[in-house]
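This is final_25.tsv (TSV, C-alpha atoms).
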```tsv
chain	number	residue	atom	x	y	z
Y	12	MET	CA	-94.17	52.94	21.40
Y	13	THR	CA	-92.11	50.62	19.22
Y	14	ARG	CA	-89.06	52.17	17.59
Y	15	PRO	CA	-87.45	51.09	14.35
Y	16	ALA	CA	-84.56	48.63	14.42
Y	17	HIS	CA	-81.59	49.03	12.07
Y	18	PRO	CA	-83.21	49.36	8.62
Y	19	HIS	CA	-81.13	46.47	7.30
Y	20	ALA	CA	-81.70	44.13	10.25
Y	21	MET	CA	-82.45	40.62	8.94
Y	22	GLN	CA	-82.78	41.89	5.38
Y	23	PRO	CA	-81.79	39.40	2.69
Y	24	SER	CA	-78.74	40.35	0.60
Y	25	ARG	CA	-81.01	40.87	-2.41
Y	26	ALA	CA	-84.32	42.63	-1.94
Y	27	GLY	CA	-87.38	40.65	-3.01
Y	28	ARG	CA	-90.05	41.90	-5.37
Y	29	THR	CA	-92.50	42.64	-2.58
Y	30	ARG	CA	-92.14	45.88	-0.66
Y	31	THR	CA	-91.62	45.15	3.02
Y	32	ALA	CA	-92.19	47.23	6.14
Y	33	PRO	CA	-88.96	47.99	8.01
Y	34	PRO	CA	-88.04	45.93	11.08
Y	35	LEU	CA	-88.99	47.19	14.54
Y	36	LEU	CA	-87.16	46.86	17.83
Y	37	PRO	CA	-88.65	44.56	20.47
Y	38	ASP	CA	-91.31	46.61	22.35
Y	39	ARG	CA	-89.59	46.34	25.71
Y	40	PHE	CA	-86.07	47.22	24.63
Y	41	PRO	CA	-84.12	48.79	26.32
Y	42	PHE	CA	-85.72	49.62	29.70
Y	43	GLN	CA	-88.58	47.20	30.29
Y	44	GLY	CA	-88.72	43.61	31.49
Y	45	ARG	CA	-85.56	41.54	31.28
Y	46	TYR	CA	-83.92	44.10	28.99
Y	47	LEU	CA	-83.56	46.44	31.96
Y	48	ALA	CA	-80.99	44.16	33.64
Y	49	TYR	CA	-79.06	43.88	30.37
Y	50	THR	CA	-79.12	47.65	29.79
Y	51	LEU	CA	-78.00	48.35	33.35
Y	52	PHE	CA	-75.25	45.75	32.91
Y	53	ASP	CA	-73.99	47.64	29.85
Y	54	LEU	CA	-74.39	51.03	31.55
Y	55	THR	CA	-72.00	49.95	34.30
Y	56	GLY	CA	-69.33	50.42	31.62
Y	57	VAL	CA	-69.82	54.19	32.04
Y	58	VAL	CA	-69.17	53.83	35.78
Y	59	TYR	CA	-65.96	51.90	35.08
Y	60	LEU	CA	-64.86	54.55	32.58
Y	61	ILE	CA	-65.33	57.30	35.18
Y	62	MET	CA	-63.55	55.22	37.82
Y	63	GLY	CA	-60.73	54.62	35.36
Y	64	PHE	CA	-60.20	58.38	35.05
Y	65	VAL	CA	-60.34	58.73	38.85
Y	66	VAL	CA	-57.67	56.04	39.27
Y	67	LEU	CA	-55.49	57.73	36.62
Y	68	ARG	CA	-55.81	61.01	38.49
Y	69	VAL	CA	-54.81	59.36	41.76
Y	70	VAL	CA	-51.82	57.67	40.14
Y	71	TRP	CA	-50.86	61.02	38.60
Y	72	ALA	CA	-51.05	62.61	42.05
Y	73	LEU	CA	-48.77	59.91	43.41
Y	74	GLY	CA	-46.07	61.12	41.04
Y	75	ASP	CA	-46.61	64.77	41.98
Y	76	GLY	CA	-45.43	64.43	45.55
Y	77	PRO	CA	-46.86	63.91	49.05
Y	78	GLN	CA	-49.02	67.05	49.06
Y	79	ALA	CA	-50.77	66.13	45.79
Y	80	TRP	CA	-51.21	62.58	47.03
Y	81	GLN	CA	-52.82	63.81	50.25
Y	82	ALA	CA	-55.09	66.16	48.28
Y	83	ALA	CA	-56.17	63.25	46.09
Y	84	ARG	CA	-56.88	61.14	49.17
Y	85	ASP	CA	-58.90	63.99	50.70
Y	86	SER	CA	-60.94	64.31	47.52
Y	87	MET	CA	-61.72	60.59	47.73
Y	88	ALA	CA	-63.10	61.16	51.24
Y	89	SER	CA	-65.48	63.88	50.02
Y	90	PRO	CA	-69.21	63.05	49.69
Y	91	LEU	CA	-68.83	62.94	45.89
Y	92	GLY	CA	-65.88	60.56	46.13
Y	93	ILE	CA	-67.72	58.29	48.56
Y	94	ALA	CA	-70.86	58.34	46.38
Y	95	LEU	CA	-68.80	57.45	43.32
Y	96	HIS	CA	-67.20	54.53	45.12
Y	97	GLY	CA	-70.61	53.42	46.36
Y	98	ILE	CA	-71.96	53.39	42.80
Y	99	ALA	CA	-68.85	51.55	41.64
Y	100	LEU	CA	-69.28	48.94	44.38
Y	101	VAL	CA	-72.93	48.35	43.44
Y	102	SER	CA	-71.91	48.11	39.76
Y	103	VAL	CA	-69.16	45.59	40.47
Y	104	CYS	CA	-71.48	43.44	42.60
Y	105	PHE	CA	-74.24	43.60	39.95
Y	106	VAL	CA	-71.87	42.68	37.12
Y	107	GLY	CA	-70.22	40.00	39.24
Y	108	VAL	CA	-73.48	38.27	40.09
Y	109	ARG	CA	-74.75	38.48	36.51
Y	110	PHE	CA	-71.44	37.28	35.11
Y	111	PHE	CA	-71.26	34.41	37.57
Y	112	ARG	CA	-74.81	33.40	36.68
Y	113	LEU	CA	-74.05	33.28	32.95
Y	114	PHE	CA	-70.40	32.20	32.89
Y	115	PRO	CA	-70.78	28.47	33.72
Y	116	LYS	CA	-73.02	27.70	30.76
Y	117	ALA	CA	-70.55	29.40	28.41
Y	118	GLN	CA	-68.04	26.64	29.12
Y	119	PRO	CA	-67.61	24.22	26.22
Y	120	PRO	CA	-68.55	20.58	26.92
Y	121	ARG	CA	-64.85	19.76	26.70
Y	122	ILE	CA	-61.51	21.15	25.62
Y	123	GLY	CA	-59.82	18.27	23.87
Y	124	PRO	CA	-60.29	15.33	26.20
Y	125	VAL	CA	-60.78	17.54	29.29
Y	126	LYS	CA	-64.31	18.12	30.54
Y	127	PRO	CA	-65.13	21.10	32.75
Y	128	PRO	CA	-66.19	20.35	36.33
Y	129	PRO	CA	-69.92	20.25	37.17
Y	130	ARG	CA	-71.71	23.60	37.33
Y	131	PRO	CA	-72.01	23.76	41.15
Y	132	VAL	CA	-68.23	23.34	41.34
Y	133	ILE	CA	-67.72	26.16	38.78
Y	134	TYR	CA	-70.08	28.43	40.76
Y	135	ALA	CA	-68.23	27.65	43.98
Y	136	MET	CA	-64.84	28.26	42.34
Y	137	LEU	CA	-65.97	31.61	40.89
Y	138	TYR	CA	-67.29	32.91	44.19
Y	139	LEU	CA	-64.22	31.65	46.08
Y	140	VAL	CA	-61.91	33.42	43.62
Y	141	TRP	CA	-64.01	36.58	43.88
Y	142	ILE	CA	-63.92	36.55	47.68
Y	143	GLY	CA	-60.20	35.80	47.58
Y	144	VAL	CA	-59.49	38.72	45.21
Y	145	ILE	CA	-61.55	41.12	47.34
Y	146	PHE	CA	-59.76	39.91	50.47
Y	147	GLY	CA	-56.40	40.41	48.71
Y	148	PHE	CA	-57.32	43.96	47.73
Y	149	MET	CA	-58.43	44.72	51.28
Y	150	VAL	CA	-55.10	43.46	52.60
Y	151	ILE	CA	-53.21	45.62	50.06
Y	152	ILE	CA	-55.31	48.73	50.84
Y	153	ASN	CA	-54.66	48.23	54.54
Y	154	GLY	CA	-50.91	48.10	53.92
Y	155	GLY	CA	-50.64	44.39	54.45
Y	156	PHE	CA	-47.63	43.97	52.19
Y	157	VAL	CA	-45.80	47.12	53.26
Y	158	GLY	CA	-42.70	46.74	55.44
S	19	MET	CA	-127.69	29.47	27.36
S	20	SER	CA	-124.15	30.55	28.22
S	21	THR	CA	-122.22	32.99	26.11
S	22	ALA	CA	-118.53	32.40	25.39
S	23	PRO	CA	-116.12	34.88	26.98
S	24	LYS	CA	-114.70	37.49	24.65
S	25	LYS	CA	-111.25	38.92	24.14
S	26	THR	CA	-110.01	41.73	21.96
S	27	LEU	CA	-107.05	40.99	19.75
S	28	VAL	CA	-105.12	44.01	18.52
S	29	VAL	CA	-103.43	42.67	15.43
S	30	THR	CA	-100.80	44.40	13.29
S	31	ARG	CA	-101.90	44.71	9.68
S	32	PHE	CA	-99.78	45.67	6.69
S	33	ASP	CA	-100.64	45.43	3.02
S	34	PRO	CA	-97.64	46.47	0.91
S	35	ASP	CA	-99.96	47.52	-1.93
S	36	ARG	CA	-102.11	49.81	0.21
S	37	ASP	CA	-100.40	50.73	3.46
S	38	ALA	CA	-97.48	53.09	3.83
S	39	ALA	CA	-96.67	51.57	7.22
S	40	PRO	CA	-98.05	48.83	9.48
S	41	ARG	CA	-101.22	49.69	11.41
S	42	THR	CA	-103.29	47.85	13.98
S	43	GLN	CA	-106.78	46.42	13.78
S	44	ARG	CA	-108.97	45.34	16.71
S	45	TYR	CA	-111.00	42.14	16.65
S	46	GLU	CA	-113.39	41.28	19.45
S	47	ILE	CA	-113.97	37.55	19.29
S	48	PRO	CA	-115.52	34.80	21.43
S	49	VAL	CA	-112.81	32.53	22.82
S	50	GLN	CA	-112.56	29.08	24.35
S	51	THR	CA	-110.63	28.51	27.56
S	52	ASP	CA	-108.29	25.96	25.96
S	53	TRP	CA	-107.38	28.13	22.98
S	54	MET	CA	-103.86	29.09	22.12
S	55	VAL	CA	-103.17	32.50	20.57
S	56	LEU	CA	-102.91	30.77	17.19
S	57	ASP	CA	-106.46	29.41	17.57
S	58	ALA	CA	-107.73	32.95	18.03
S	59	LEU	CA	-105.88	34.12	14.92
S	60	ASN	CA	-107.27	31.20	12.95
S	61	TYR	CA	-110.76	32.06	14.18
S	62	ILE	CA	-110.31	35.61	12.93
S	63	LYS	CA	-109.02	34.33	9.60
S	64	ASP	CA	-111.85	31.79	9.19
S	65	GLU	CA	-114.81	33.65	10.67
S	66	VAL	CA	-114.15	37.38	10.81
S	67	ASP	CA	-111.58	38.64	8.33
S	68	GLY	CA	-110.23	36.36	5.62
S	69	THR	CA	-107.64	38.95	4.56
S	70	LEU	CA	-105.53	38.43	7.69
S	71	SER	CA	-102.21	36.76	6.85
S	72	HIS	CA	-100.17	34.71	9.29
S	73	ARG	CA	-97.92	31.66	9.07
S	74	TRP	CA	-98.68	28.38	10.81
S	75	SER	CA	-98.51	24.71	10.08
S	76	CYS	CA	-98.13	21.91	12.64
S	77	ARG	CA	-99.90	23.44	15.69
S	78	MET	CA	-97.66	21.35	17.98
S	79	ALA	CA	-94.52	23.48	18.43
S	80	VAL	CA	-92.49	21.50	15.93
S	81	CYS	CA	-92.50	23.42	12.65
S	82	GLY	CA	-91.55	26.82	14.08
S	83	SER	CA	-93.78	28.74	11.68
S	84	CYS	CA	-96.07	30.62	14.02
S	85	GLY	CA	-93.64	32.81	15.96
S	86	MET	CA	-95.07	36.28	16.67
S	87	MET	CA	-94.84	39.05	19.22
S	88	VAL	CA	-97.64	38.56	21.75
S	89	ASN	CA	-97.99	41.46	24.16
S	90	GLY	CA	-94.47	42.48	23.19
S	91	GLU	CA	-92.82	39.09	23.84
S	92	PRO	CA	-91.65	36.69	21.11
S	93	ARG	CA	-93.89	33.65	21.40
S	94	LEU	CA	-94.68	30.49	19.53
S	95	THR	CA	-98.40	31.16	19.23
S	96	CYS	CA	-99.39	27.49	18.94
S	97	LYS	CA	-98.12	26.80	22.48
S	98	ASP	CA	-99.06	30.13	24.02
S	99	PRO	CA	-102.32	29.80	25.98
S	100	LEU	CA	-104.67	32.72	25.38
S	101	ARG	CA	-106.12	32.50	28.88
S	102	GLN	CA	-102.89	33.80	30.48
S	103	TYR	CA	-103.50	37.20	28.90
S	104	GLY	CA	-106.02	39.87	29.88
S	105	GLU	CA	-109.02	41.12	27.95
S	106	THR	CA	-106.84	42.70	25.29
S	107	VAL	CA	-104.00	40.88	23.55
S	108	THR	CA	-101.67	42.50	21.03
S	109	VAL	CA	-100.25	40.35	18.27
S	110	ALA	CA	-97.52	41.71	16.02
S	111	PRO	CA	-94.99	40.25	13.58
S	112	LEU	CA	-91.63	39.20	15.02
S	113	ALA	CA	-89.45	42.16	15.92
S	114	ASN	CA	-86.17	42.76	14.05
S	115	PHE	CA	-87.54	41.31	10.79
S	116	PRO	CA	-88.87	43.14	7.72
S	117	VAL	CA	-92.62	42.57	7.39
S	118	VAL	CA	-93.98	41.10	4.17
S	119	ARG	CA	-97.64	41.31	5.10
S	120	ASP	CA	-99.66	41.51	8.34
S	121	LEU	CA	-97.96	39.00	10.67
S	122	VAL	CA	-95.75	37.45	8.01
S	123	ILE	CA	-92.05	38.30	8.15
S	124	GLU	CA	-89.30	38.16	5.53
S	125	MET	CA	-87.31	34.96	6.22
S	126	ASP	CA	-84.71	35.09	3.43
S	127	GLY	CA	-82.18	37.02	5.52
S	128	PHE	CA	-82.37	34.33	8.19
S	129	MET	CA	-82.04	31.53	5.65
S	130	GLU	CA	-78.89	33.13	4.22
S	131	LYS	CA	-77.35	33.39	7.67
S	132	LEU	CA	-78.30	29.84	8.52
S	133	LYS	CA	-76.73	28.51	5.33
S	134	SER	CA	-73.52	30.46	5.90
S	135	VAL	CA	-72.57	28.38	8.98
S	136	LYS	CA	-72.75	25.15	6.95
S	137	PRO	CA	-75.28	23.38	9.20
S	138	TRP	CA	-74.64	19.91	7.90
S	139	ILE	CA	-72.01	17.23	8.52
S	140	LEU	CA	-68.70	18.07	6.87
S	141	ARG	CA	-66.13	15.32	6.46
S	142	ALA	CA	-62.58	15.48	5.15
S	143	LYS	CA	-63.21	12.24	3.30
S	144	GLU	CA	-66.53	10.50	2.89
S	145	LEU	CA	-66.56	6.94	4.14
S	146	ALA	CA	-67.52	4.17	1.78
S	147	VAL	CA	-71.01	2.76	2.27
S	148	GLU	CA	-69.43	-0.64	2.94
S	149	ALA	CA	-67.72	0.82	6.01
S	150	GLY	CA	-71.11	0.91	7.70
S	151	PRO	CA	-72.65	3.66	9.83
S	152	VAL	CA	-70.52	6.06	11.83
S	153	ARG	CA	-71.33	5.08	15.37
S	154	GLN	CA	-71.94	7.55	18.17
S	155	SER	CA	-72.13	6.86	21.88
S	156	PRO	CA	-74.91	8.29	24.09
S	157	GLU	CA	-72.28	10.52	25.74
S	158	GLN	CA	-71.23	11.90	22.35
S	159	LEU	CA	-74.89	12.52	21.46
S	160	GLU	CA	-75.48	14.27	24.75
S	161	GLU	CA	-72.81	16.88	23.94
S	162	PHE	CA	-74.83	18.43	21.13
S	163	LYS	CA	-78.37	17.08	21.54
S	164	GLN	CA	-79.70	20.18	23.26
S	165	PHE	CA	-78.61	22.40	20.36
S	166	SER	CA	-80.13	20.06	17.78
S	167	LEU	CA	-83.62	20.71	19.19
S	168	CYS	CA	-83.80	24.12	17.48
S	169	ILE	CA	-86.87	24.42	15.23
S	170	ASN	CA	-85.74	27.66	13.55
S	171	CYS	CA	-88.75	29.57	14.85
S	172	MET	CA	-86.62	32.77	14.94
S	173	LEU	CA	-87.97	33.93	18.31
S	174	CYS	CA	-84.35	34.32	19.43
S	175	TYR	CA	-83.74	36.79	16.60
S	176	ALA	CA	-86.79	38.80	17.62
S	177	ALA	CA	-85.48	39.06	21.19
S	178	CYS	CA	-81.81	39.75	20.48
S	179	PRO	CA	-80.71	43.39	20.89
S	180	VAL	CA	-77.62	42.77	18.75
S	181	VAL	CA	-79.73	41.58	15.81
S	182	SER	CA	-81.67	44.86	16.13
S	183	ASN	CA	-78.59	46.96	15.64
S	184	GLU	CA	-76.03	44.91	13.74
S	185	PRO	CA	-77.34	43.65	10.39
S	186	ASP	CA	-74.30	41.41	9.78
S	187	PHE	CA	-74.71	39.48	13.03
S	188	LEU	CA	-75.29	35.81	12.25
S	189	GLY	CA	-77.68	35.55	15.16
S	190	PRO	CA	-78.41	32.99	17.87
S	191	ALA	CA	-80.08	30.13	15.97
S	192	ALA	CA	-77.56	30.03	13.12
S	193	ILE	CA	-74.59	30.04	15.49
S	194	ALA	CA	-76.25	27.45	17.74
S	195	LEU	CA	-76.75	25.16	14.78
S	196	GLY	CA	-73.18	25.65	13.56
S	197	HIS	CA	-71.95	24.92	17.07
S	198	ARG	CA	-74.17	21.84	17.20
S	199	TYR	CA	-72.29	20.38	14.21
S	200	ASN	CA	-68.93	21.40	15.67
S	201	LEU	CA	-69.77	19.26	18.71
S	202	ASP	CA	-70.96	16.31	16.63
S	203	SER	CA	-68.42	13.47	16.78
S	204	ARG	CA	-69.22	12.54	13.16
S	205	ASP	CA	-68.34	16.01	11.89
S	206	GLU	CA	-64.87	17.12	10.79
S	207	GLY	CA	-65.64	20.70	9.79
S	208	ALA	CA	-65.09	22.49	13.08
S	209	SER	CA	-62.06	24.40	11.81
S	210	VAL	CA	-64.05	25.62	8.78
S	211	ARG	CA	-66.92	26.84	10.96
S	212	ASN	CA	-64.61	28.30	13.57
S	213	GLN	CA	-63.01	30.34	10.82
S	214	ILE	CA	-66.50	31.63	9.94
S	215	PHE	CA	-67.18	32.28	13.62
S	216	ARG	CA	-64.07	34.42	13.91
S	217	GLY	CA	-65.22	36.73	11.09
S	218	GLU	CA	-67.10	40.02	11.25
S	219	GLY	CA	-70.56	40.00	12.81
S	220	THR	CA	-70.31	36.53	14.26
S	221	VAL	CA	-69.92	35.06	17.72
S	222	PHE	CA	-67.89	37.96	19.11
S	223	SER	CA	-70.67	40.43	18.29
S	224	CYS	CA	-72.82	38.73	20.92
S	225	SER	CA	-72.95	40.80	24.11
S	226	TYR	CA	-74.56	37.96	26.08
S	227	ALA	CA	-77.91	39.57	26.76
S	228	ASN	CA	-79.20	35.99	27.17
S	229	GLU	CA	-82.60	37.02	25.77
S	230	CYS	CA	-82.40	34.32	23.08
S	231	SER	CA	-82.33	31.62	25.75
S	232	GLU	CA	-85.10	33.26	27.76
S	233	VAL	CA	-87.54	33.17	24.85
S	234	CYS	CA	-86.53	29.85	23.24
S	235	PRO	CA	-89.64	27.62	23.26
S	236	LYS	CA	-87.53	24.45	22.98
S	237	HIS	CA	-85.01	25.31	25.73
S	238	VAL	CA	-82.12	25.11	23.30
S	239	ASP	CA	-80.15	27.80	25.15
S	240	PRO	CA	-78.62	29.55	22.12
S	241	ALA	CA	-76.74	31.98	24.39
S	242	ALA	CA	-74.77	29.04	25.78
S	243	ALA	CA	-74.04	27.85	22.23
S	244	VAL	CA	-72.86	31.28	21.08
S	245	ASN	CA	-70.58	31.73	24.05
S	246	GLN	CA	-69.22	28.20	23.86
S	247	ALA	CA	-68.58	28.86	20.18
S	248	LYS	CA	-66.60	31.98	21.16
S	249	PHE	CA	-64.42	29.86	23.40
S	250	ASN	CA	-63.90	27.16	20.77
S	251	ALA	CA	-63.15	29.73	18.05
S	252	LEU	CA	-60.48	31.23	20.28
S	253	ILE	CA	-58.97	27.85	21.13
S	254	ASP	CA	-58.94	26.94	17.44
S	255	TRP	CA	-57.25	30.24	16.58
S	256	ALA	CA	-54.62	29.72	19.30
S	257	LYS	CA	-53.99	26.16	18.12
S	258	GLY	CA	-53.48	27.50	14.61
S	259	LEU	CA	-50.80	29.85	15.93
S	260	VAL	CA	-48.96	27.31	18.06
S	261	LEU	CA	-49.52	24.19	16.03
S	262	PRO	CA	-49.83	25.21	12.37
S	263	ARG	CA	-50.02	21.57	11.39
S	264	GLY	CA	-52.17	20.59	14.31
S	265	ARG	CA	-55.45	21.66	12.76
S	266	GLN	CA	-57.91	19.26	11.27
S	267	GLU	CA	-57.78	18.65	7.57
S	268	GLN	CA	-60.33	21.00	6.04
S	269	PRO	CA	-63.13	19.21	4.26
```

Take the structure in the file and give it back as structure tokens.
Amino acid sequence: MTRPAHPHAMQPSRAGRTRTAPPLLPDRFPFQGRYLAYTLFDLTGVVYLIMGFVVLRVVWALGDGPQAWQAARDSMASPLGIALHGIALVSVCFVGVRFFRLFPKAQPPRIGPVKPPPRPVIYAMLYLVWIGVIFGFMVIINGGFVG
Amino acid sequence: MSTAPKKTLVVTRFDPDRDAAPRTQRYEIPVQTDWMVLDALNYIKDEVDGTLSHRWSCRMAVCGSCGMMVNGEPRLTCKDPLRQYGETVTVAPLANFPVVRDLVIEMDGFMEKLKSVKPWILRAKELAVEAGPVRQSPEQLEEFKQFSLCINCMLCYAACPVVSNEPDFLGPAAIALGHRYNLDSRDEGASVRNQIFRGEGTVFSCSYANECSEVCPKHVDPAAAVNQAKFNALIDWAKGLVLPRGRQEQP
């Protein structure tokens, strides 16, 4: 069932003399066909919002002393905490892959006299940086820089 | 004697003088294997129901007139083979546009948006005719050629979820065309257009759904243009902060 779009979508600034039927949304928006990937991409924002609150809570616990910190760590190890992190991991991977697929073509043909490298090089750089950042985080989480 | 195969077209009808809202009408017609969707609509118009209204002109994917929603997808009906669809094919006016009549959409909103990006060559100072043509190398042409292939068929607007919800959004084709002139070595109006692009409802409203590029029948890739325009608008803004005199002279 097609739903109406914004009533003023693509309306001219001055209405014509002929009465027009209001604009409709594309049939498949937001959960069918290619729109599904786009909608899921946007919905990952909700996951990041929740994770943001979780991180704030953990940081808060860090300031409340060792017992609060341990309690926060224990809550992270609960099934709910693990599930939340699993969802966050899937979201990050999904957004990463989609972003990496679309990012190279968003590069301008040149900035001043400088041209961007060829697309395969950009793809390779993106994935290398991503792997590097993940590796860095893993080192930090495992106490690599402590002591 | 062989009988031609038949298909049923479910076509959206709307007469502003009689209908409160668009409705659908079914037409069962004999079809040829090499027909495009537009051929079927023209058959209906010529042989079955002369009151059906739809736009078309060149029949060779150049004029951009015959864009419609076919089975829910924005398609240029003159290059959309009918045989790829099943027994029943739905044809509706382009989504996101007000409907004037049947399959005919209101284009004035699009024309206003297109004009607002100044899609023509802007120069600070016109050269004298005696100076001869402004030459352009193949490399310079290559930078914008892809974006100049747009035929303004508006399929990208029908696919864009931002157009659906944000009436002020300039939209993919208009931004792509503005960006095309920004990349043109003969043009000197990039700072003017970048100022437009930094305004409300312009390039930064795009959430990069990429649908415009998926449905573009000419492979223009408007999503690339919009997101390159974002980058250039930002660079131009930053240059204006750091180098107030470094900007181009505004034509």

Taking all atoms listed in the file into account, what are the residues of chain Y at most 8 Å from chain S, put as a JSON list (two decimals) with C-alpha atoms, in the frame of the given file?
```json
[["chain", "number", "residue", "atom", "x", "y", "z"],
["Y", 16, "ALA", "CA", -84.56, 48.63, 14.42],
["Y", 17, "HIS", "CA", -81.59, 49.03, 12.07],
["Y", 19, "HIS", "CA", -81.13, 46.47, 7.30],
["Y", 20, "ALA", "CA", -81.70, 44.13, 10.25],
["Y", 21, "MET", "CA", -82.45, 40.62, 8.94],
["Y", 22, "GLN", "CA", -82.78, 41.89, 5.38],
["Y", 23, "PRO", "CA", -81.79, 39.40, 2.69],
["Y", 24, "SER", "CA", -78.74, 40.35, 0.60],
["Y", 29, "THR", "CA", -92.50, 42.64, -2.58],
["Y", 30, "ARG", "CA", -92.14, 45.88, -0.66],
["Y", 31, "THR", "CA", -91.62, 45.15, 3.02],
["Y", 32, "ALA", "CA", -92.19, 47.23, 6.14],
["Y", 33, "PRO", "CA", -88.96, 47.99, 8.01],
["Y", 34, "PRO", "CA", -88.04, 45.93, 11.08],
["Y", 35, "LEU", "CA", -88.99, 47.19, 14.54],
["Y", 36, "LEU", "CA", -87.16, 46.86, 17.83],
["Y", 37, "PRO", "CA", -88.65, 44.56, 20.47],
["Y", 38, "ASP", "CA", -91.31, 46.61, 22.35],
["Y", 39, "ARG", "CA", -89.59, 46.34, 25.71],
["Y", 40, "PHE", "CA", -86.07, 47.22, 24.63],
["Y", 45, "ARG", "CA", -85.56, 41.54, 31.28],
["Y", 46, "TYR", "CA", -83.92, 44.10, 28.99],
["Y", 49, "TYR", "CA", -79.06, 43.88, 30.37],
["Y", 116, "LYS", "CA", -73.02, 27.70, 30.76],
["Y", 117, "ALA", "CA", -70.55, 29.40, 28.41],
["Y", 118, "GLN", "CA", -68.04, 26.64, 29.12],
["Y", 119, "PRO", "CA", -67.61, 24.22, 26.22],
["Y", 120, "PRO", "CA", -68.55, 20.58, 26.92]]
```

Quiz item: What does the distance between atom CA of Leu59 of chain S and atom CA of Arg101 of chain S come to in Å, to one decimal place?
Solution: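 These atoms are spaced 14.1 Å apart.
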
Self-check item: Atom pair atom CA of Pro156 of chain S / atom CA of Val238 of chain S: separation (Å)
Solution: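 Pair atom CA of Pro156 of chain S / atom CA of Val238 of chain S returns 18.3 Å.
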
Quiz item: If we count all atoms listed in the file, what is near Cys76 of chain S at a cut-off of 12 Å, once residues fewer than 2 positions away on the same chain are taken out, given as a ChimeraX atom specification?
Solution: /S:56,73-74,78-84,94-97,169

Exercise. Pick out the closest residue to Pro99 of chain S from this set: S:Leu145, S:Val49, S:Cys234, S:Cys168. Count only C-alpha atoms.
Key: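 The answer is S:Val49, which sits nearest to Pro99 of chain S.
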
Quiz prompt | Atom-to-atom span, atom CA of Thr108 of chain S and atom CA of Arg44 of chain S, Å | solution =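 Computing it gives 8.9 Å between the two atoms.
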
Practice problem: Excluding Leu70 of chain S and any residue of its chain fewer than 3 positions from it, enumerate the residues within 8 Å of it, using only C-alpha atoms, and give them as a count of residues only. | Solution: 5

I'd like the neighbourhood of segment 58-70 of chain Y as a PDB file with C-alpha atoms, keeping the file's coordinate frame, where a residue qualifies if any of its atoms comes within 10 Å (using only C-alpha atoms), though same-chain residues fewer than 4 positions away should be ignored.
```pdb
ATOM      1  CA  ASP Y  53     -73.990  47.640  29.850  1.00  0.00           C
ATOM      2  CA  LEU Y  54     -74.390  51.030  31.550  1.00  0.00           C
ATOM      3  CA  GLY Y  74     -46.070  61.120  41.040  1.00  0.00           C
ATOM      4  CA  ASP Y  75     -46.610  64.770  41.980  1.00  0.00           C
ATOM      5  CA  ALA Y  79     -50.770  66.130  45.790  1.00  0.00           C
ATOM      6  CA  TRP Y  80     -51.210  62.580  47.030  1.00  0.00           C
ATOM      7  CA  GLN Y  81     -52.820  63.810  50.250  1.00  0.00           C
ATOM      8  CA  ALA Y  82     -55.090  66.160  48.280  1.00  0.00           C
ATOM      9  CA  ALA Y  83     -56.170  63.250  46.090  1.00  0.00           C
ATOM     10  CA  ARG Y  84     -56.880  61.140  49.170  1.00  0.00           C
ATOM     11  CA  SER Y  86     -60.940  64.310  47.520  1.00  0.00           C
ATOM     12  CA  MET Y  87     -61.720  60.590  47.730  1.00  0.00           C
ATOM     13  CA  GLY Y  92     -65.880  60.560  46.130  1.00  0.00           C
ATOM     14  CA  LEU Y  95     -68.800  57.450  43.320  1.00  0.00           C
ATOM     15  CA  HIS Y  96     -67.200  54.530  45.120  1.00  0.00           C
ATOM     16  CA  ILE Y  98     -71.960  53.390  42.800  1.00  0.00           C
ATOM     17  CA  ALA Y  99     -68.850  51.550  41.640  1.00  0.00           C
ATOM     18  CA  LEU Y 100     -69.280  48.940  44.380  1.00  0.00           C
ATOM     19  CA  SER Y 102     -71.910  48.110  39.760  1.00  0.00           C
ATOM     20  CA  VAL Y 103     -69.160  45.590  40.470  1.00  0.00           C
TER      21      VAL Y 103
END
```

Quiz prompt | Residue contacts of segment 141-148 of chain Y (12 Å, all atoms listed in the file) excluding same-chain residues fewer than 4 positions away, as a ChimeraX atom specification | solution = /Y:100,103-104,107-108,110-111,134-137,152-156

Quiz item: Using all atoms listed in the file, which of the listed residues (S:Trp53, S:Trp138, S:Phe222, S:Tyr103) sits closest to Gly207 of chain S?
Solution: S:Trp138

Give, as lines of an AutoDock Vina configuration file, the centre coordinates and the x, y and z edge lengths in Å to one decimal for an axis-aligned box around all listed atoms of segment 137-140 of chain Y, padded by 8 Å on each side.
```
center_x = -64.6
center_y = 32.5
center_z = 43.5
size_x = 21.4
size_y = 17.8
size_z = 21.2
```

Quiz item: Got a sec: who's within 8 Å of Arg141 of chain S, counting only C-alpha atoms, leaving out chain neighbours fewer than 5 positions off, as an MDAnalysis selection string?
Solution: chainID S and resid 204:207 269
